[in-house]
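One structure is given here, and the rest of the page talks about it.
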There are 2 protein chains.
Amino acid sequence: MVTLAEVAQHAGVSASTVSYVLSGKRSISATTRQRVERSIRELGYHPNAGARALASSRSNIIALMVPLRTDMYVPVMMEIAIAVATTARTHGYDVLLLTGEEGPDAVRRVAGSGLADGMILMDVELDDERLPLLRESAQPAVLIGLPADTTGLTCVDLDFKATGALCVEHLAGLGHRDVAVIGEAPAVYERHTGFAERTLDGLRSRARETGLRLLHRPCEGGYDATAVTVARILDERPDTTGFVVQNEAAVEPLLALLRQQGRAVPEDVSVVAVCPEQVAVQASVRLTSVSLPAQEMGRHAVEQLVAKLDGRGGDEVVLLPPALTVRASSGPAPLR
Amino acid sequence: MVTLAEVAQHAGVSASTVSYVLSGKRSISATTRQRVERSIRELGYHPNAGARALASSRSNIIALMVPLRTDMYVPVMMEIAIAVATTARTHGYDVLLLTGEEGPDAVRRVAGSGLADGMILMDVELDDERLPLLRESAQPAVLIGLPADTTGLTCVDLDFKATGALCVEHLAGLGHRDVAVIGEAPAVYERHTGFAERTLDGLRSRARETGLRLLHRPCEGGYDATAVTVARILDERPDTTGFVVQNEAAVEPLLALLRQQGRAVPEDVSVVAVCPEQVAVQASVRLTSVSLPAQEMGRHAVEQLVAKLDGRGGDEVVLLPPALTVRASSGPAPLR
DNA sequence: CTCTCCTGTCGAAGCGCTTCGACTGCCTGG
DNA sequence: CCAGGCAGTCGAAGCGCTTCGACAGGAGAG
């Protein structure tokens, strides 16, 4: 292993000079800089991460806590994780992958050991047990999701309330009067994950404003569960002409069921999904959808965190505005 | 921040004693140990990761390099990543998430800086450009996937050749004579990703042995692309009664198409998939499948790596045996 | 021409931990 | 009763880096 001292000797300067060339924290003459850089290249020097962390008390690592539940749509998580890793690199940070399994202990461990400079938490519940710890440990952190109490916390999320409103608005504008919502798995609601409830909130309040009748049913996803859910919905509200789906695993089953029952999309029934763009485009009917901006969320989260670590900016709640893209699955409500 | 020295003082022992209590590398009397442990608890001490890494030249971090392509089935990657993180924790390691983006540079960076003690690489190509680096830097590593030349390398993967053979065997045993393979996206083959070619190899050689006619077509996945692929296949081989699908994104489209054409599964056509169990179970027809043991692969990879880091075990190629589960999508070939 | 102020460089003091050698008793075997 | 060994503890020397204060020399101001 090549060390700083060896580089210094090779370049004929002191160790501190090499360090300052690397960090740019003091001015260095052009000639010295070049000599040092050349030595670094020739010797293939890489600063030792541990030594650096010890001396500077900065690890240049961001911890990312991902849920290990499987009742959430996994590709979205993955996309966020990859966006976080990629964005972090552009700011000189690496990403440590923590699973939700360890829960609050992970927060303690990371904060205590100085393993990471800050952390990003995904899958935040309304009343998350990790939050008190975060607050008291003064660990720089950014949440992806929105808890009930955001005091002293920085959060990034899609504006799910506006998302819900947008879906209703679109369907109402097309003349639909009876709309059913196929939601996330019941467990998601029981856990009080913010986004599901906020979407519902948006859906409901806009429905009230537009005089639209709304029926919400959680749904496990998959063919069997979706069939049961849809049957119940149509039984209860036979006049339903619009569906809002917020569960990727129910999208395709729903379309198959409608087809099977001879209900044409979008002529007889309109479907609006809240899902990643890819799902909307690859479905058997190209779906009108509000897309889940996974990449953008990951990127924003990192940028907020880096700003905090640099002492810039403070606590802030960033809600990304939703965008509804009209595709082939929604159209005017059929005439009665 | 509480330090070792403070714990030592609080417990009335020397710093080295505390260190030995923590590491267990020298024997400590029961009374001393208890006193130290009590101080640790009372002060809320957490060893500083950087200092530890510097002094011991072990970071207790494993780097995991995930591809950031999206033409592979993402949930499998995620499942592997989570299994890696979880298993690593049980061995006292944390996981650093590297994206494929940086490519070989990431290997250099991690190996050079001592950021991680070892690495796990996913999505290995037959002639991967990261391998020479790995070999020359003597970085302890485990590959998930199988390159062309495995000398000096430890690899973990599903035995895809046996997987292919198993699929053919199953269909041949049911009397099918004409079988079509709907493969991964063309890009996957162009990249010479080992698993796709090995599966094909297994399929073909067993087909030859059993006298089965095999037609292989890569497929992008999604409804449109799959429709084109299937149409071509049925055009070229109208007598096709069996499908082997190795692209999760083509599974549901295929089933929908067959339904639409009035071909009943499994009465007229049998379908065997190579996919995660969840996909097979949640599909509109419960699929006969060879499952992708993502968790097991992640777990094995970590265990191989930890063994290496502990100086146990050497280079080894672990091929997990495939298992075919018969579900509702395959049955006897129809009588002509 | 002197005083001051930069600029560029160096030396040294840690950062918090691990680990090696050394030391002290005490136990065991001869 | 003593040599030898072992369990238990300590002190000190780093690990490779960052950073602070100091200092030399040259430039600009007076």
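The way I read the labels, and the way they are meant: chains A, B, ... in the order of the structure tokens, residue 1 as the first residue of every chain, and ligand 1 as the first ligand shown, with later ones counted on from there.
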
(request) List the neighbours of DG28 (chain D) out to 12 Å using only C-alpha atoms (C1' of nucleotides); skip same-chain residues closer than 3 positions along the sequence, and give me the result as a list of chain:residue names. (result)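 Residues meeting the cut-off are C:DC3, C:DT4, C:DC5, C:DC6.
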
(request) May I have the residues within 12 Å of Glu209 (chain B) as a PyMOL selection string, using only C-alpha atoms (C1' of nucleotides) and disregarding those fewer than 5 positions away in the same chain? (result) chain B and resi 165+168-169+172+202-204+214

Please write the residues from the selection above to a file, keeping C-alpha atoms, as a CSV table (one decimal), in the first residue's frame.
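Final output, again_13.csv:
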chain,number,residue,atom,x,y,z
B,165,ALA,CA,-31.9,-29.1,-19.2
B,168,VAL,CA,-36.6,-29.4,-21.6
B,169,GLU,CA,-36.8,-32.6,-19.7
B,172,ALA,CA,-40.2,-33.7,-23.2
B,202,GLY,CA,-28.6,-26.6,-21.3
B,203,LEU,CA,-31.8,-26.3,-23.2
B,204,ARG,CA,-30.2,-27.1,-26.5
B,214,LEU,CA,-36.2,-26.1,-30.1

(request) Tell me, as a list in words, which residues lie within 9 Å of region 39-42 of chain B, counting only C-alpha atoms (C1' of nucleotides); anything in the same chain fewer than 6 positions away does not count. (result)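 Counting only C-alpha atoms (C1' of nucleotides), the residues come to Leu4, Val7, Ala8, His10 and Ala11 of chain B.
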
(request) Tell me which protein, DNA and RNA residues are within 8 Å of DG8 (chain C), counting only C-alpha atoms (C1' of nucleotides), leaving out same-chain ones fewer than 4 positions away, and put them as a list in words. (result) Ser27, Ile28 and Ser29 of chain A

(request) Please report, as a PyMOL selection string, each residue of region 285-315 of chain B to which DSSP assigns strand (DSSP E or B) when run on this structure's backbone. (result) chain B and resi 288-291

I need the chosen residues saved as a PDB file, in the first residue's frame, with N, CA and C atoms.
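File written: out38.pdb
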ATOM      1  N   THR B 288     -45.665 -23.384 -13.798  1.00  0.00           N
ATOM      2  CA  THR B 288     -44.606 -24.348 -13.573  1.00  0.00           C
ATOM      3  C   THR B 288     -43.298 -23.600 -13.802  1.00  0.00           C
ATOM      4  N   SER B 289     -42.388 -23.680 -12.857  1.00  0.00           N
ATOM      5  CA  SER B 289     -41.190 -22.843 -13.007  1.00  0.00           C
ATOM      6  C   SER B 289     -39.959 -23.412 -12.321  1.00  0.00           C
ATOM      7  N   VAL B 290     -38.836 -22.957 -12.792  1.00  0.00           N
ATOM      8  CA  VAL B 290     -37.586 -23.157 -12.056  1.00  0.00           C
ATOM      9  C   VAL B 290     -37.330 -21.831 -11.375  1.00  0.00           C
ATOM     10  N   SER B 291     -37.250 -21.834 -10.057  1.00  0.00           N
ATOM     11  CA  SER B 291     -37.165 -20.541  -9.391  1.00  0.00           C
ATOM     12  C   SER B 291     -35.730 -20.048  -9.285  1.00  0.00           C
TER      13      SER B 291
END

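For chain B, the residues within 8 Å of chain D are Ser14, Ser16, Thr17, Ser27, Ile28, Ser29, Leu54, Ala55, Ser56 and Ser57 of chain B, with only C-alpha atoms (C1' of nucleotides) used to measure distance.
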
(message) Calculated over only C-alpha atoms, which of the candidates A:Leu68, A:Val107, A:Leu133, A:Val285 has the smallest distance to Leu153 (chain A)?
(response)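 Among the listed residues, the smallest separation from Leu153 (chain A) belongs to A:Leu133.
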
(request) Using only C-alpha atoms (C1' of nucleotides), determine which residues lie at most 12 Å from Val306 (chain A), disregarding the query and same-chain residues fewer than 2 positions distant; provide the list as an MDAnalysis selection string. (result) chainID A and resid 60:62 84 87:94 117:120 140:142 154 299:304 308:314

(request) Provide the CA of Thr151 (chain A) to CA of Val317 (chain A) distance in Å, to one decimal place. (result) 9.7 Å

(request) Just the helix (DSSP H, G or I) stuff from region 85-313 of chain B, please, per backbone DSSP, written as number ranges by chain. (result) B: 85-90, 100-102, 104-113, 130-137, 160-173, 186-190, 194-210, 223-236, 248-260, 277-282, 294-309

(message) Residues of chain C within 8 Å of chain B, counting only C-alpha atoms (C1' of nucleotides), what are they? List them as a PyMOL selection string.
(response) chain C and resi 15-18

For the interface of chain B with chain A (cut-off 7 Å, counting only C-alpha atoms), please tabulate each contacting residue of chain B alongside its nearest pair of atoms and their separation in Å to one decimal, rows sorted by chain and increasing number, as JSON lines.
{"residue": "B:His46", "atom": "CA", "partner": "A:Gly112", "partner_atom": "CA", "distance": 5.3}
{"residue": "B:Pro47", "atom": "CA", "partner": "A:Ser113", "partner_atom": "CA", "distance": 5.6}
{"residue": "B:Asn48", "atom": "CA", "partner": "A:Ser113", "partner_atom": "CA", "distance": 4.5}
{"residue": "B:Ala49", "atom": "CA", "partner": "A:Ser113", "partner_atom": "CA", "distance": 5.3}
{"residue": "B:Gly50", "atom": "CA", "partner": "A:Gly50", "partner_atom": "CA", "distance": 4.5}
{"residue": "B:Ala51", "atom": "CA", "partner": "A:Leu54", "partner_atom": "CA", "distance": 5.3}
{"residue": "B:Ala53", "atom": "CA", "partner": "A:Gly50", "partner_atom": "CA", "distance": 5.1}
{"residue": "B:Leu54", "atom": "CA", "partner": "A:Gly50", "partner_atom": "CA", "distance": 4.9}
{"residue": "B:Leu68", "atom": "CA", "partner": "A:Ile82", "partner_atom": "CA", "distance": 6.9}
{"residue": "B:Val74", "atom": "CA", "partner": "A:Pro75", "partner_atom": "CA", "distance": 5.9}
{"residue": "B:Pro75", "atom": "CA", "partner": "A:Val74", "partner_atom": "CA", "distance": 5.9}
{"residue": "B:Met78", "atom": "CA", "partner": "A:Met78", "partner_atom": "CA", "distance": 6.3}
{"residue": "B:Ile82", "atom": "CA", "partner": "A:Thr99", "partner_atom": "CA", "distance": 6.9}
{"residue": "B:Ala85", "atom": "CA", "partner": "A:Thr99", "partner_atom": "CA", "distance": 6.8}
{"residue": "B:Thr86", "atom": "CA", "partner": "A:Thr99", "partner_atom": "CA", "distance": 6.9}
{"residue": "B:Val95", "atom": "CA", "partner": "A:Leu97", "partner_atom": "CA", "distance": 5.4}
{"residue": "B:Leu96", "atom": "CA", "partner": "A:Leu96", "partner_atom": "CA", "distance": 4.4}
{"residue": "B:Leu97", "atom": "CA", "partner": "A:Val95", "partner_atom": "CA", "distance": 5.4}
{"residue": "B:Leu98", "atom": "CA", "partner": "A:Ala85", "partner_atom": "CA", "distance": 6.8}
{"residue": "B:Thr99", "atom": "CA", "partner": "A:Ala85", "partner_atom": "CA", "distance": 6.8}
{"residue": "B:Gly112", "atom": "CA", "partner": "A:His46", "partner_atom": "CA", "distance": 5.3}
{"residue": "B:Ser113", "atom": "CA", "partner": "A:Asn48", "partner_atom": "CA", "distance": 4.5}
{"residue": "B:Gly114", "atom": "CA", "partner": "A:Asn48", "partner_atom": "CA", "distance": 6.0}
{"residue": "B:Leu115", "atom": "CA", "partner": "A:Ala49", "partner_atom": "CA", "distance": 5.5}
{"residue": "B:Gly222", "atom": "CA", "partner": "A:Gln282", "partner_atom": "CA", "distance": 5.1}
{"residue": "B:Tyr223", "atom": "CA", "partner": "A:Ser284", "partner_atom": "CA", "distance": 5.6}
{"residue": "B:Gln282", "atom": "CA", "partner": "A:Gly222", "partner_atom": "CA", "distance": 5.1}
{"residue": "B:Ala283", "atom": "CA", "partner": "A:Tyr223", "partner_atom": "CA", "distance": 6.8}
{"residue": "B:Ser284", "atom": "CA", "partner": "A:Tyr223", "partner_atom": "CA", "distance": 5.6}

(message) Let me make sure I understand: among B:Ala307, B:Met297, B:Ala196, B:Ala207, which one has the smallest atom-to-atom distance to Val274 (chain B) if we use only C-alpha atoms?
(response) B:Ala196

(message) One decimal, in Å: what's the spacing between CA of Asp315 (chain B) and CA of Cys155 (chain B)?
(response) 8.0 Å

(message) What does the structure give for the distance between C1' of DG14 (chain C) and CA of Gln9 (chain B), in Å to one decimal?
(response)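 Answer for the C1' of DG14 (chain C) to CA of Gln9 (chain B) separation: 19.6 Å.
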
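Excluding Ala323 (chain A) itself and same-chain residues fewer than 6 positions from it, the residues having an atom within 12 Å of it are Leu158, Asp159, Phe160, Ala162, Thr163, Gly164, Ala165, Leu166, Cys167, His170, Ala273, Val274, Cys275, Pro276, Glu277, Thr288, Ser289, Val290, Ser291, Leu292 and Pro293 of chain A, counting only C-alpha atoms (C1' of nucleotides).
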
Go ahead and save the residues from that selection, with N, CA and C atoms, as an mmCIF file, in the first residue's frame.
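Ended up saving to selection.cif:
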data_model
loop_
_atom_site.group_PDB
_atom_site.id
_atom_site.type_symbol
_atom_site.label_atom_id
_atom_site.label_comp_id
_atom_site.auth_asym_id
_atom_site.auth_seq_id
_atom_site.Cartn_x
_atom_site.Cartn_y
_atom_site.Cartn_z
ATOM 1 N N LEU A 158 -43.008 12.536 -2.938
ATOM 2 C CA LEU A 158 -43.960 12.999 -3.929
ATOM 3 C C LEU A 158 -45.129 13.598 -3.158
ATOM 4 N N ASP A 159 -45.740 14.618 -3.716
ATOM 5 C CA ASP A 159 -46.914 15.197 -3.072
ATOM 6 C C ASP A 159 -48.103 14.279 -3.347
ATOM 7 N N PHE A 160 -48.273 13.308 -2.464
ATOM 8 C CA PHE A 160 -49.287 12.286 -2.713
ATOM 9 C C PHE A 160 -50.705 12.831 -2.581
ATOM 10 N N ALA A 162 -51.666 15.805 -3.543
ATOM 11 C CA ALA A 162 -51.919 16.409 -4.849
ATOM 12 C C ALA A 162 -52.090 15.332 -5.912
ATOM 13 N N THR A 163 -51.371 14.226 -5.734
ATOM 14 C CA THR A 163 -51.482 13.118 -6.674
ATOM 15 C C THR A 163 -52.914 12.575 -6.686
ATOM 16 N N GLY A 164 -53.428 12.349 -5.482
ATOM 17 C CA GLY A 164 -54.798 11.860 -5.376
ATOM 18 C C GLY A 164 -55.774 12.839 -6.013
ATOM 19 N N ALA A 165 -55.580 14.107 -5.688
ATOM 20 C CA ALA A 165 -56.469 15.134 -6.226
ATOM 21 C C ALA A 165 -56.431 15.141 -7.753
ATOM 22 N N LEU A 166 -55.232 15.003 -8.278
ATOM 23 C CA LEU A 166 -55.030 15.027 -9.724
ATOM 24 C C LEU A 166 -55.783 13.887 -10.415
ATOM 25 N N CYS A 167 -55.740 12.724 -9.816
ATOM 26 C CA CYS A 167 -56.416 11.559 -10.391
ATOM 27 C C CYS A 167 -57.918 11.805 -10.442
ATOM 28 N N HIS A 170 -58.890 14.454 -13.024
ATOM 29 C CA HIS A 170 -58.843 13.943 -14.393
ATOM 30 C C HIS A 170 -60.122 13.166 -14.714
ATOM 31 N N ALA A 273 -53.549 5.063 -13.065
ATOM 32 C CA ALA A 273 -52.656 4.386 -12.128
ATOM 33 C C ALA A 273 -51.689 5.366 -11.484
ATOM 34 N N VAL A 274 -51.268 5.035 -10.283
ATOM 35 C CA VAL A 274 -50.158 5.740 -9.651
ATOM 36 C C VAL A 274 -49.027 4.736 -9.614
ATOM 37 N N CYS A 275 -48.082 4.877 -10.509
ATOM 38 C CA CYS A 275 -47.046 3.849 -10.650
ATOM 39 C C CYS A 275 -45.854 4.400 -11.417
ATOM 40 N N PRO A 276 -44.740 3.671 -11.424
ATOM 41 C CA PRO A 276 -43.589 4.136 -12.200
ATOM 42 C C PRO A 276 -43.961 4.190 -13.677
ATOM 43 N N GLU A 277 -43.346 5.062 -14.372
ATOM 44 C CA GLU A 277 -43.641 5.254 -15.778
ATOM 45 C C GLU A 277 -43.522 3.947 -16.559
ATOM 46 N N THR A 288 -52.948 5.749 -18.494
ATOM 47 C CA THR A 288 -52.933 7.111 -17.980
ATOM 48 C C THR A 288 -52.438 7.000 -16.541
ATOM 49 N N SER A 289 -51.432 7.763 -16.194
ATOM 50 C CA SER A 289 -50.855 7.564 -14.860
ATOM 51 C C SER A 289 -50.210 8.819 -14.286
ATOM 52 N N VAL A 290 -50.103 8.804 -12.979
ATOM 53 C CA VAL A 290 -49.234 9.754 -12.293
ATOM 54 C C VAL A 290 -47.988 8.968 -11.959
ATOM 55 N N SER A 291 -46.834 9.397 -12.461
ATOM 56 C CA SER A 291 -45.655 8.559 -12.285
ATOM 57 C C SER A 291 -44.970 8.827 -10.953
ATOM 58 N N LEU A 292 -44.340 7.788 -10.460
ATOM 59 C CA LEU A 292 -43.588 7.849 -9.208
ATOM 60 C C LEU A 292 -42.156 8.229 -9.547
ATOM 61 N N PRO A 293 -41.755 9.433 -9.245
ATOM 62 C CA PRO A 293 -40.438 9.902 -9.695
ATOM 63 C C PRO A 293 -39.324 9.386 -8.790
#

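In this comparison, which uses only C-alpha atoms, the residue of B:Val230, B:Val156, B:Ala138, B:Ile144 approaching Ile182 (chain B) most closely is B:Val230.
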
(request) Identify, on the basis of only C-alpha atoms (C1' of nucleotides), every residue whose closest approach to Ser270 (chain A) does not exceed 7 Å; exclude the query and any residue fewer than 6 positions from it along the same chain; express the result as a ChimeraX atom specification. (result) /A:241-243,329-331
